file model.cif (mmCIF, C-alpha atoms)
data_protein
#
loop_
_atom_site.group_PDB
_atom_site.id
_atom_site.type_symbol
_atom_site.label_atom_id
_atom_site.label_comp_id
_atom_site.auth_asym_id
_atom_site.auth_seq_id
_atom_site.Cartn_x
_atom_site.Cartn_y
_atom_site.Cartn_z
ATOM 1 C CA MET A 1 84.777 -57.562 -11.803
ATOM 2 C CA ARG A 2 82.053 -60.116 -12.218
ATOM 3 C CA ARG A 3 80.590 -59.050 -8.887
ATOM 4 C CA LEU A 4 80.310 -55.435 -10.092
ATOM 5 C CA LEU A 5 78.379 -56.270 -13.246
ATOM 6 C CA PRO A 6 75.061 -57.188 -11.550
ATOM 7 C CA ALA A 7 75.229 -54.048 -9.392
ATOM 8 C CA ALA A 8 75.889 -51.866 -12.427
ATOM 9 C CA ALA A 9 73.017 -53.450 -14.319
ATOM 10 C CA ALA A 10 70.651 -52.876 -11.414
ATOM 11 C CA ALA A 11 71.706 -49.215 -11.175
ATOM 12 C CA ALA A 12 71.195 -48.704 -14.895
ATOM 13 C CA LEU A 13 67.760 -50.313 -14.712
ATOM 14 C CA THR A 14 66.825 -48.027 -11.823
ATOM 15 C CA VAL A 15 67.915 -44.942 -13.773
ATOM 16 C CA LEU A 16 65.888 -46.047 -16.789
ATOM 17 C CA LEU A 17 62.796 -46.591 -14.651
ATOM 18 C CA PHE A 18 63.084 -43.106 -13.114
ATOM 19 C CA ALA A 19 63.556 -41.565 -16.546
ATOM 20 C CA GLY A 20 60.475 -43.346 -17.863
ATOM 21 C CA CYS A 21 58.353 -42.147 -14.955
ATOM 22 C CA SER A 22 59.485 -38.572 -15.395
ATOM 23 C CA MET A 23 58.772 -38.700 -19.090
ATOM 24 C CA GLY A 24 55.313 -40.132 -18.416
ATOM 25 C CA SER A 25 54.445 -37.387 -15.996
ATOM 26 C CA GLY A 26 55.808 -34.775 -18.371
ATOM 27 C CA SER A 27 53.655 -36.090 -21.140
ATOM 28 C CA GLU A 28 50.593 -35.974 -18.907
ATOM 29 C CA ASN A 29 51.220 -32.325 -17.949
ATOM 30 C CA SER A 30 52.217 -31.240 -21.373
ATOM 31 C CA GLY A 31 50.236 -28.581 -23.174
ATOM 32 C CA VAL A 32 48.839 -30.940 -25.789
ATOM 33 C CA PRO A 33 45.222 -29.796 -26.242
ATOM 34 C CA GLU A 34 42.456 -32.315 -26.080
ATOM 35 C CA PRO A 35 40.199 -32.618 -29.097
ATOM 36 C CA ALA A 36 37.527 -29.934 -28.928
ATOM 37 C CA MET A 37 33.872 -30.871 -28.704
ATOM 38 C CA PRO A 38 32.077 -30.370 -31.987
ATOM 39 C CA MET A 39 29.876 -27.268 -32.071
ATOM 40 C CA PRO A 40 26.217 -28.016 -32.803
ATOM 41 C CA ALA A 41 25.136 -26.887 -36.191
ATOM 42 C CA GLU A 42 22.090 -24.694 -36.654
ATOM 43 C CA GLY A 43 19.000 -26.854 -36.816
ATOM 44 C CA GLY A 44 21.072 -29.998 -36.134
ATOM 45 C CA GLU A 45 20.564 -32.754 -33.604
ATOM 46 C CA SER A 46 21.110 -30.405 -30.649
ATOM 47 C CA GLY A 47 17.618 -28.990 -31.246
ATOM 48 C CA GLN A 48 18.543 -25.342 -30.516
ATOM 49 C CA SER A 49 20.227 -22.680 -32.535
ATOM 50 C CA ALA A 50 22.505 -19.980 -31.124
ATOM 51 C CA ASP A 51 19.633 -17.453 -31.084
ATOM 52 C CA GLU A 52 17.371 -19.894 -29.220
ATOM 53 C CA ALA A 53 20.071 -20.517 -26.618
ATOM 54 C CA ALA A 54 20.476 -16.782 -26.103
ATOM 55 C CA GLY A 55 16.717 -16.441 -25.755
ATOM 56 C CA ASP A 56 16.653 -19.157 -23.090
ATOM 57 C CA GLY A 57 19.356 -17.275 -21.206
ATOM 58 C CA ASP A 58 17.290 -14.090 -21.252
ATOM 59 C CA GLU A 59 14.229 -15.964 -19.984
ATOM 60 C CA GLY A 60 16.276 -17.400 -17.103
ATOM 61 C CA ALA A 61 17.497 -13.935 -16.137
ATOM 62 C CA THR A 62 13.943 -12.574 -16.259
ATOM 63 C CA ALA A 63 12.613 -15.440 -14.153
ATOM 64 C CA SER A 64 15.215 -14.749 -11.465
ATOM 65 C CA GLN A 65 14.051 -11.149 -11.070
ATOM 66 C CA SER A 66 11.698 -10.185 -8.243
ATOM 67 C CA VAL A 67 9.311 -7.367 -9.193
ATOM 68 C CA ILE A 68 6.470 -5.956 -7.100
ATOM 69 C CA THR A 69 3.588 -4.628 -9.222
ATOM 70 C CA THR A 70 0.912 -2.300 -7.833
ATOM 71 C CA GLY A 71 -1.916 -0.716 -9.817
ATOM 72 C CA ARG A 72 -5.100 1.333 -9.556
ATOM 73 C CA MET A 73 -8.176 1.474 -11.789
ATOM 74 C CA SER A 74 -11.195 3.782 -11.800
ATOM 75 C CA ILE A 75 -14.264 2.526 -13.668
ATOM 76 C CA THR A 76 -17.654 4.133 -14.207
ATOM 77 C CA VAL A 77 -20.430 1.525 -13.955
ATOM 78 C CA ASP A 78 -24.218 1.493 -13.634
ATOM 79 C CA ASP A 79 -24.307 -0.434 -10.333
ATOM 80 C CA PRO A 80 -21.060 -0.217 -8.297
ATOM 81 C CA LEU A 81 -22.197 -2.761 -5.692
ATOM 82 C CA ALA A 82 -23.017 -5.430 -8.259
ATOM 83 C CA ALA A 83 -19.789 -4.681 -10.134
ATOM 84 C CA ALA A 84 -17.839 -5.069 -6.878
ATOM 85 C CA GLU A 85 -19.289 -8.548 -6.426
ATOM 86 C CA GLU A 86 -18.268 -9.471 -9.981
ATOM 87 C CA ALA A 87 -14.754 -8.099 -9.428
ATOM 88 C CA ALA A 88 -14.359 -10.201 -6.276
ATOM 89 C CA GLU A 89 -15.462 -13.327 -8.152
ATOM 90 C CA LEU A 90 -13.055 -12.468 -10.985
ATOM 91 C CA ALA A 91 -10.121 -12.243 -8.565
ATOM 92 C CA GLY A 92 -11.082 -15.564 -6.974
ATOM 93 C CA ASP A 93 -11.320 -17.294 -10.350
ATOM 94 C CA ALA A 94 -7.821 -16.018 -11.200
ATOM 95 C CA GLY A 95 -6.408 -17.572 -8.032
ATOM 96 C CA GLY A 96 -6.288 -14.337 -6.038
ATOM 97 C CA ARG A 97 -8.201 -12.864 -3.136
ATOM 98 C CA VAL A 98 -9.869 -9.690 -1.899
ATOM 99 C CA GLU A 99 -7.679 -7.962 0.683
ATOM 100 C CA SER A 100 -10.145 -5.184 1.549
ATOM 101 C CA ARG A 101 -13.571 -4.056 0.351
ATOM 102 C CA THR A 102 -15.525 -0.844 0.945
ATOM 103 C CA GLU A 103 -19.077 -0.264 -0.285
ATOM 104 C CA GLN A 104 -21.212 2.877 0.066
ATOM 105 C CA PRO A 105 -24.901 2.577 -0.868
ATOM 106 C CA GLY A 106 -26.497 5.549 -2.546
ATOM 107 C CA SER A 107 -28.396 8.124 -0.520
ATOM 108 C CA GLY A 108 -30.099 11.425 -1.190
ATOM 109 C CA SER A 109 -26.864 13.415 -1.040
ATOM 110 C CA SER A 110 -24.326 10.876 -2.335
ATOM 111 C CA SER A 111 -24.088 8.343 -5.140
ATOM 112 C CA PRO A 112 -23.240 4.660 -4.605
ATOM 113 C CA ARG A 113 -19.613 3.627 -4.926
ATOM 114 C CA ALA A 114 -17.310 0.740 -4.069
ATOM 115 C CA GLU A 115 -13.581 0.202 -3.725
ATOM 116 C CA LEU A 116 -11.732 -3.113 -3.632
ATOM 117 C CA VAL A 117 -8.086 -4.021 -3.047
ATOM 118 C CA LEU A 118 -7.399 -7.208 -5.024
ATOM 119 C CA ARG A 119 -4.373 -9.496 -4.686
ATOM 120 C CA VAL A 120 -3.947 -11.180 -8.049
ATOM 121 C CA PRO A 121 -1.209 -13.611 -9.169
ATOM 122 C CA ALA A 122 1.423 -11.635 -11.049
ATOM 123 C CA ASP A 123 1.083 -13.719 -14.203
ATOM 124 C CA GLU A 124 -2.721 -13.198 -14.231
ATOM 125 C CA LEU A 125 -2.698 -9.422 -13.675
ATOM 126 C CA ASP A 126 -2.972 -8.416 -17.329
ATOM 127 C CA ALA A 127 -5.868 -10.801 -17.934
ATOM 128 C CA VAL A 128 -7.731 -9.509 -14.870
ATOM 129 C CA VAL A 129 -7.224 -5.889 -15.946
ATOM 130 C CA ASP A 130 -8.585 -6.704 -19.402
ATOM 131 C CA GLU A 131 -11.659 -8.326 -17.840
ATOM 132 C CA LEU A 132 -12.237 -5.296 -15.597
ATOM 133 C CA ARG A 133 -12.138 -2.971 -18.597
ATOM 134 C CA GLY A 134 -15.339 -4.611 -19.799
ATOM 135 C CA PHE A 135 -17.253 -3.569 -16.673
ATOM 136 C CA GLY A 136 -17.804 -0.011 -17.923
ATOM 137 C CA ASP A 137 -15.982 3.174 -18.912
ATOM 138 C CA VAL A 138 -12.403 3.258 -17.642
ATOM 139 C CA ASN A 139 -11.525 6.643 -16.158
ATOM 140 C CA GLY A 140 -7.857 5.849 -15.570
ATOM 141 C CA VAL A 141 -5.320 3.059 -15.048
ATOM 142 C CA THR A 142 -2.014 3.387 -13.180
ATOM 143 C CA MET A 143 0.613 0.647 -12.871
ATOM 144 C CA ASN A 144 3.880 0.803 -10.901
ATOM 145 C CA GLU A 145 6.690 -1.758 -10.753
ATOM 146 C CA SER A 146 9.463 -2.004 -8.170
ATOM 147 C CA ASP A 147 12.463 -4.312 -8.621
ATOM 148 C CA VAL A 148 13.378 -5.965 -5.282
ATOM 149 C CA THR A 149 15.740 -8.620 -6.641
ATOM 150 C CA ALA A 150 18.729 -7.350 -4.648
ATOM 151 C CA GLN A 151 16.686 -7.121 -1.447
ATOM 152 C CA ARG A 152 15.395 -10.665 -1.841
ATOM 153 C CA LYS A 153 18.875 -12.081 -2.543
ATOM 154 C CA ASP A 154 20.243 -10.269 0.500
ATOM 155 C CA LEU A 155 17.503 -11.730 2.705
ATOM 156 C CA ASP A 156 18.093 -15.223 1.322
ATOM 157 C CA ALA A 157 21.838 -14.974 2.001
ATOM 158 C CA ARG A 158 21.335 -13.677 5.544
ATOM 159 C CA ILE A 159 18.748 -16.362 6.293
ATOM 160 C CA GLU A 160 21.079 -19.080 5.013
ATOM 161 C CA ALA A 161 24.000 -17.771 7.108
ATOM 162 C CA LEU A 162 21.863 -17.441 10.228
ATOM 163 C CA GLY A 163 20.416 -20.910 9.702
ATOM 164 C CA ALA A 164 23.910 -22.395 9.578
ATOM 165 C CA SER A 165 24.882 -20.403 12.681
ATOM 166 C CA VAL A 166 21.821 -21.674 14.568
ATOM 167 C CA ASP A 167 22.693 -25.257 13.607
ATOM 168 C CA ARG A 168 26.251 -24.838 14.921
ATOM 169 C CA LEU A 169 24.978 -23.323 18.167
ATOM 170 C CA GLU A 170 22.577 -26.232 18.632
ATOM 171 C CA GLN A 171 25.474 -28.648 18.221
ATOM 172 C CA LEU A 172 27.543 -26.709 20.751
ATOM 173 C CA LEU A 173 24.578 -26.656 23.123
ATOM 174 C CA ALA A 174 24.396 -30.458 22.971
ATOM 175 C CA GLN A 175 28.138 -30.660 23.767
ATOM 176 C CA ALA A 176 28.171 -28.073 26.587
ATOM 177 C CA GLU A 177 29.686 -29.427 29.806
ATOM 178 C CA THR A 178 29.410 -26.497 32.215
ATOM 179 C CA ILE A 179 26.500 -24.346 33.337
ATOM 180 C CA THR A 180 28.313 -21.187 32.232
ATOM 181 C CA ASP A 181 28.787 -22.488 28.682
ATOM 182 C CA LEU A 182 25.205 -23.721 28.603
ATOM 183 C CA ILE A 183 23.789 -20.309 29.589
ATOM 184 C CA ALA A 184 26.011 -18.406 27.150
ATOM 185 C CA ILE A 185 25.155 -20.699 24.244
ATOM 186 C CA GLU A 186 21.421 -20.600 25.001
ATOM 187 C CA SER A 187 21.446 -16.796 25.136
ATOM 188 C CA GLU A 188 23.248 -16.512 21.820
ATOM 189 C CA LEU A 189 21.019 -19.174 20.279
ATOM 190 C CA THR A 190 17.877 -17.293 21.367
ATOM 191 C CA THR A 191 19.184 -14.063 19.813
ATOM 192 C CA ARG A 192 20.129 -15.740 16.540
ATOM 193 C CA GLN A 193 16.826 -17.627 16.338
ATOM 194 C CA ALA A 194 14.791 -14.426 16.889
ATOM 195 C CA GLU A 195 16.748 -12.648 14.162
ATOM 196 C CA LEU A 196 16.283 -15.634 11.857
ATOM 197 C CA ASP A 197 12.502 -15.636 12.447
ATOM 198 C CA SER A 198 12.317 -11.892 11.745
ATOM 199 C CA LEU A 199 14.249 -12.202 8.489
ATOM 200 C CA THR A 200 12.125 -15.176 7.459
ATOM 201 C CA GLN A 201 8.946 -13.155 7.980
ATOM 202 C CA GLN A 202 10.367 -10.288 5.918
ATOM 203 C CA ARG A 203 11.325 -12.677 3.139
ATOM 204 C CA ASP A 204 7.887 -14.347 3.179
ATOM 205 C CA TRP A 205 6.148 -10.953 2.998
ATOM 206 C CA LEU A 206 8.402 -9.909 0.108
ATOM 207 C CA VAL A 207 7.736 -13.162 -1.741
ATOM 208 C CA ASP A 208 3.973 -12.675 -1.275
ATOM 209 C CA GLN A 209 4.205 -9.136 -2.677
ATOM 210 C CA VAL A 210 6.128 -10.438 -5.693
ATOM 211 C CA ASP A 211 3.893 -13.431 -6.353
ATOM 212 C CA TYR A 212 0.623 -11.502 -5.911
ATOM 213 C CA SER A 213 0.213 -8.065 -7.449
ATOM 214 C CA THR A 214 -1.920 -5.475 -5.665
ATOM 215 C CA LEU A 215 -4.707 -3.855 -7.697
ATOM 216 C CA THR A 216 -7.039 -1.198 -6.256
ATOM 217 C CA VAL A 217 -10.335 -0.946 -8.171
ATOM 218 C CA GLU A 218 -12.630 2.075 -7.733
ATOM 219 C CA LEU A 219 -16.196 1.640 -8.989
ATOM 220 C CA ILE A 220 -18.292 4.819 -9.317
ATOM 221 C CA THR A 221 -21.370 6.067 -11.149
ATOM 222 C CA VAL A 222 -21.741 8.722 -13.815
ATOM 223 C CA GLU A 223 -22.721 11.349 -11.227
ATOM 224 C CA THR A 224 -19.396 11.052 -9.394
ATOM 225 C CA ALA A 225 -17.213 10.418 -12.429
ATOM 226 C CA PRO A 226 -14.587 13.102 -13.073
ATOM 227 C CA ASP A 227 -15.627 15.623 -15.725
ATOM 228 C CA THR A 228 -13.313 16.447 -18.566
ATOM 229 C CA ALA A 229 -12.235 20.052 -19.074
ATOM 230 C CA PRO A 230 -14.155 21.974 -21.788
ATOM 231 C CA ASP A 231 -12.214 22.510 -24.997
ATOM 232 C CA ASP A 232 -14.554 24.831 -26.991
ATOM 233 C CA PHE A 233 -17.158 27.597 -26.518
ATOM 234 C CA TRP A 234 -20.225 25.390 -26.344
ATOM 235 C CA SER A 235 -18.673 22.918 -23.921
ATOM 236 C CA GLY A 236 -17.519 25.860 -21.803
ATOM 237 C CA LEU A 237 -21.050 27.314 -21.893
ATOM 238 C CA ALA A 238 -22.501 23.962 -20.887
ATOM 239 C CA ALA A 239 -19.967 23.655 -18.075
ATOM 240 C CA GLY A 240 -20.796 27.170 -16.852
ATOM 241 C CA TRP A 241 -24.534 26.472 -16.931
ATOM 242 C CA ALA A 242 -24.009 23.187 -15.067
ATOM 243 C CA ALA A 243 -21.939 25.017 -12.468
ATOM 244 C CA LEU A 244 -24.667 27.673 -12.091
ATOM 245 C CA VAL A 245 -27.344 25.014 -11.691
ATOM 246 C CA GLY A 246 -25.211 23.217 -9.166
ATOM 247 C CA PHE A 247 -24.642 26.438 -7.212
ATOM 248 C CA ALA A 248 -28.379 27.230 -7.218
ATOM 249 C CA SER A 249 -29.131 23.701 -6.054
ATOM 250 C CA ALA A 250 -26.580 23.943 -3.271
ATOM 251 C CA LEU A 251 -27.928 27.382 -2.296
ATOM 252 C CA GLY A 252 -31.459 25.982 -2.136
ATOM 253 C CA VAL A 253 -30.269 23.151 0.101
ATOM 254 C CA ALA A 254 -28.525 25.657 2.379
ATOM 255 C CA ILE A 255 -31.646 27.839 2.596
ATOM 256 C CA GLY A 256 -33.764 24.776 3.342
ATOM 257 C CA VAL A 257 -31.397 23.817 6.157
ATOM 258 C CA LEU A 258 -31.354 27.350 7.630
ATOM 259 C CA LEU A 259 -35.069 28.111 7.225
ATOM 260 C CA PRO A 260 -36.241 26.374 10.446
ATOM 261 C CA TRP A 261 -33.540 28.191 12.414
ATOM 262 C CA ILE A 262 -34.547 31.518 10.872
ATOM 263 C CA ALA A 263 -38.194 30.901 11.829
ATOM 264 C CA VAL A 264 -37.240 30.130 15.441
ATOM 265 C CA LEU A 265 -35.050 33.240 15.629
ATOM 266 C CA LEU A 266 -37.893 35.387 14.244
ATOM 267 C CA VAL A 267 -40.302 34.085 16.884
ATOM 268 C CA LEU A 268 -37.787 34.793 19.664
ATOM 269 C CA ALA A 269 -37.169 38.286 18.282
ATOM 270 C CA ALA A 270 -40.937 38.958 18.168
ATOM 271 C CA ILE A 271 -41.304 37.888 21.811
ATOM 272 C CA VAL A 272 -38.449 40.168 22.886
ATOM 273 C CA VAL A 273 -39.943 43.112 20.959
ATOM 274 C CA LEU A 274 -43.368 42.466 22.504
ATOM 275 C CA VAL A 275 -41.933 42.430 26.017
ATOM 276 C CA VAL A 276 -40.073 45.695 25.418
ATOM 277 C CA VAL A 277 -43.199 47.365 23.985
ATOM 278 C CA LEU A 278 -45.362 46.279 26.916
ATOM 279 C CA ALA A 279 -42.802 47.459 29.432
ATOM 280 C CA THR A 280 -42.562 50.839 27.715
ATOM 281 C CA ARG A 281 -46.350 51.279 27.699
ATOM 282 C CA GLY A 282 -46.588 50.429 31.420
ATOM 283 C CA ARG A 283 -44.066 53.098 32.283
ATOM 284 C CA ARG A 284 -45.950 55.654 30.245
ATOM 285 C CA ARG A 285 -49.281 54.842 31.973
ATOM 286 C CA ALA A 286 -47.702 55.088 35.420
ATOM 287 C CA THR A 287 -46.252 58.484 34.580
ATOM 288 C CA SER A 288 -49.543 59.795 33.239
ATOM 289 C CA ALA A 289 -51.564 58.601 36.330
ATOM 290 C CA SER A 290 -49.464 60.537 38.930
ATOM 291 C CA PRO A 291 -50.718 64.316 39.541
ATOM 292 C CA PRO A 292 -48.410 66.889 38.146
ATOM 293 C CA ALA A 293 -46.709 69.277 40.627
ATOM 294 C CA ASP A 294 -48.018 72.951 40.789
ATOM 295 C CA PRO A 295 -45.151 75.221 39.893
ATOM 296 C CA GLN A 296 -46.933 78.324 41.419
ATOM 297 C CA ALA A 297 -47.455 76.802 44.911
ATOM 298 C CA PRO A 298 -45.341 78.552 47.615
ATOM 299 C CA ALA A 299 -42.524 76.585 48.993
ATOM 300 C CA PRO A 300 -42.969 75.518 52.669
ATOM 301 C CA SER A 301 -41.237 77.739 55.203
ATOM 302 C CA PRO A 302 -38.832 76.426 57.816
ATOM 303 C CA ASP A 303 -41.426 77.077 60.609
ATOM 304 C CA ASP A 304 -43.991 74.927 58.805
ATOM 305 C CA GLU A 305 -41.461 72.173 58.474
ATOM 306 C CA ARG A 306 -40.718 72.422 62.238
ATOM 307 C CA ARG A 307 -44.383 72.225 63.065
ATOM 308 C CA ALA A 308 -44.815 69.354 60.873
#

call {"tool": "encode", "arguments": {"input": "model.cif", "output": "structure tokens"}}
result
Amino acid sequence: MRRLLPAAAAAALTVLLFAGCSMGSGSENSGVPEPAMPMPAEGGESGQSADEAAGDGDEGATASQSVITTGRMSITVDDPLAAAEEAAELAGDAGGRVESRTEQPGSGSSSPRAELVLRVPADELDAVVDELRGFGDVNGVTMNESDVTAQRKDLDARIEALGASVDRLEQLLAQAETITDLIAIESELTTRQAELDSLTQQRDWLVDQVDYSTLTVELITVETAPDTAPDDFWSGLAAGWAALVGFASALGVAIGVLLPWIAVLLVLAAIVVLVVVLATRGRRRATSASPPADPQAPAPSPDDERRA
């Protein structure tokens, strides 16, 4: 009996230990909620109210968007060539560049004009447009925006996946043991690397279009500026008179161009007429010089013809 007492005590102690462990784990997994974090009060030590936090969220969403902005301006200026130089300097000062530039000096039949394609940082576009408005009279402004956020995210994801695939293939290439495996891995690695380079170029071009807006600026003079449609009798009369004057001017230019040709054609026609007249007179003189035949003379007999 005495021998059984220590064994029973040890068994009871073991049962108590297991019960305590199970209770401890149950208390750890119990649904007792932890004390909630205190909510920051408006204007408290957190430094931001609920409205400010919502505003920061909106700004983050806007910053993550990728938008391509393209625009066109037409401005009437006194000297298009000088204004083009100022526009190029304005784009350079804003951190942009001139992508293309076309200048046409004035001539007798055309007025001077210039056209520039400016690449301006997207955040400086509005300031540049405002500066260009001061060059002269603005005939028109057009702005277009295109959201390419989804396209940019898709390119980023594909570039990341292809980059990881290229890294794995490079590791396999280093571990290749046979010529067959080496050739197969190199071929696949070349294909993946070419596709990765192509996607990277597309992404870089897209990023450049997003970061730098494209603005086409047309600089013209008053003579080539578009006329507004007349809206009353007097403006219609003035427009009709201007059209008549323009038609008469164009007709005079056409006559001036054709006049030398008409003079040459008249000289050629006079020469042809003179040749025809001289030829006709020569025929008449030849006809009048030959003796006329006597209608009363007897006709020669057959015997005379034989004798002859």

call {"tool": "closest_residue", "arguments": {"input": "model.cif", "among": "A:Asp147, A:Glu188, A:Glu223, A:Glu85", "to": "Leu116 (chain A)", "atoms": "all atoms listed in the file"}}
result
A:Glu85

call {"tool": "resolve_selection", "arguments": {"input": "model.cif", "expression": "the PyMOL selection byres ((chain A and resi 191-202) around 12)", "output": "ChimeraX atom specification"}}
result
/A:151-170,184-190,203-209

call {"tool": "resolve_selection", "arguments": {"input": "model.cif", "expression": "the PyMOL selection byres ((chain A and resi 65-79) around 8)", "output": "PDB file with C-alpha atoms, in the frame of the given file"}}
result
ATOM      1  CA  ALA A  61      17.497 -13.935 -16.137  1.00  0.00           C
ATOM      2  CA  THR A  62      13.943 -12.574 -16.259  1.00  0.00           C
ATOM      3  CA  ALA A  63      12.613 -15.440 -14.153  1.00  0.00           C
ATOM      4  CA  SER A  64      15.215 -14.749 -11.465  1.00  0.00           C
ATOM      5  CA  PRO A  80     -21.060  -0.217  -8.297  1.00  0.00           C
ATOM      6  CA  LEU A  81     -22.197  -2.761  -5.692  1.00  0.00           C
ATOM      7  CA  ALA A  82     -23.017  -5.430  -8.259  1.00  0.00           C
ATOM      8  CA  ALA A  83     -19.789  -4.681 -10.134  1.00  0.00           C
ATOM      9  CA  PRO A 112     -23.240   4.660  -4.605  1.00  0.00           C
ATOM     10  CA  ALA A 122       1.423 -11.635 -11.049  1.00  0.00           C
ATOM     11  CA  ARG A 133     -12.138  -2.971 -18.597  1.00  0.00           C
ATOM     12  CA  PHE A 135     -17.253  -3.569 -16.673  1.00  0.00           C
ATOM     13  CA  GLY A 136     -17.804  -0.011 -17.923  1.00  0.00           C
ATOM     14  CA  ASP A 137     -15.982   3.174 -18.912  1.00  0.00           C
ATOM     15  CA  VAL A 138     -12.403   3.258 -17.642  1.00  0.00           C
ATOM     16  CA  ASN A 139     -11.525   6.643 -16.158  1.00  0.00           C
ATOM     17  CA  GLY A 140      -7.857   5.849 -15.570  1.00  0.00           C
ATOM     18  CA  VAL A 141      -5.320   3.059 -15.048  1.00  0.00           C
ATOM     19  CA  THR A 142      -2.014   3.387 -13.180  1.00  0.00           C
ATOM     20  CA  MET A 143       0.613   0.647 -12.871  1.00  0.00           C
ATOM     21  CA  ASN A 144       3.880   0.803 -10.901  1.00  0.00           C
ATOM     22  CA  GLU A 145       6.690  -1.758 -10.753  1.00  0.00           C
ATOM     23  CA  SER A 146       9.463  -2.004  -8.170  1.00  0.00           C
ATOM     24  CA  ASP A 147      12.463  -4.312  -8.621  1.00  0.00           C
ATOM     25  CA  VAL A 148      13.378  -5.965  -5.282  1.00  0.00           C
ATOM     26  CA  THR A 149      15.740  -8.620  -6.641  1.00  0.00           C
ATOM     27  CA  ARG A 152      15.395 -10.665  -1.841  1.00  0.00           C
ATOM     28  CA  GLN A 209       4.205  -9.136  -2.677  1.00  0.00           C
ATOM     29  CA  VAL A 210       6.128 -10.438  -5.693  1.00  0.00           C
ATOM     30  CA  ASP A 211       3.893 -13.431  -6.353  1.00  0.00           C
ATOM     31  CA  SER A 213       0.213  -8.065  -7.449  1.00  0.00           C
ATOM     32  CA  THR A 214      -1.920  -5.475  -5.665  1.00  0.00           C
ATOM     33  CA  LEU A 215      -4.707  -3.855  -7.697  1.00  0.00           C
ATOM     34  CA  THR A 216      -7.039  -1.198  -6.256  1.00  0.00           C
ATOM     35  CA  VAL A 217     -10.335  -0.946  -8.171  1.00  0.00           C
ATOM     36  CA  GLU A 218     -12.630   2.075  -7.733  1.00  0.00           C
ATOM     37  CA  LEU A 219     -16.196   1.640  -8.989  1.00  0.00           C
ATOM     38  CA  ILE A 220     -18.292   4.819  -9.317  1.00  0.00           C
ATOM     39  CA  THR A 221     -21.370   6.067 -11.149  1.00  0.00           C
ATOM     40  CA  VAL A 222     -21.741   8.722 -13.815  1.00  0.00           C
ATOM     41  CA  ALA A 225     -17.213  10.418 -12.429  1.00  0.00           C
TER      42      ALA A 225
END

call {"tool": "atom_distance", "arguments": {"input": "model.cif", "atom1": "CA of Ser100 (chain A)", "atom2": "CA of Val117 (chain A)"}}
result
5.2 Å

call {"tool": "atom_distance", "arguments": {"input": "model.cif", "atom1": "CA of Leu118 (chain A)", "atom2": "CA of Gly96 (chain A)"}}
result
7.3 Å

call {"tool": "atom_distance", "arguments": {"input": "model.cif", "atom1": "CA of Ala87 (chain A)", "atom2": "CA of Tyr212 (chain A)"}}
result
16.1 Å

call {"tool": "resolve_selection", "arguments": {"input": "model.cif", "expression": "the PyMOL selection byres ((chain A and resi 104) around 9)", "output": "JSON list (two decimals) with C-alpha atoms, in the coordinates of the input"}}
result
[["chain", "number", "residue", "atom", "x", "y", "z"],
["A", 80, "PRO", "CA", -21.06, -0.22, -8.30],
["A", 81, "LEU", "CA", -22.20, -2.76, -5.69],
["A", 102, "THR", "CA", -15.52, -0.84, 0.94],
["A", 103, "GLU", "CA", -19.08, -0.26, -0.28],
["A", 105, "PRO", "CA", -24.90, 2.58, -0.87],
["A", 106, "GLY", "CA", -26.50, 5.55, -2.55],
["A", 107, "SER", "CA", -28.40, 8.12, -0.52],
["A", 110, "SER", "CA", -24.33, 10.88, -2.34],
["A", 111, "SER", "CA", -24.09, 8.34, -5.14],
["A", 112, "PRO", "CA", -23.24, 4.66, -4.61],
["A", 113, "ARG", "CA", -19.61, 3.63, -4.93],
["A", 114, "ALA", "CA", -17.31, 0.74, -4.07],
["A", 115, "GLU", "CA", -13.58, 0.20, -3.72]]
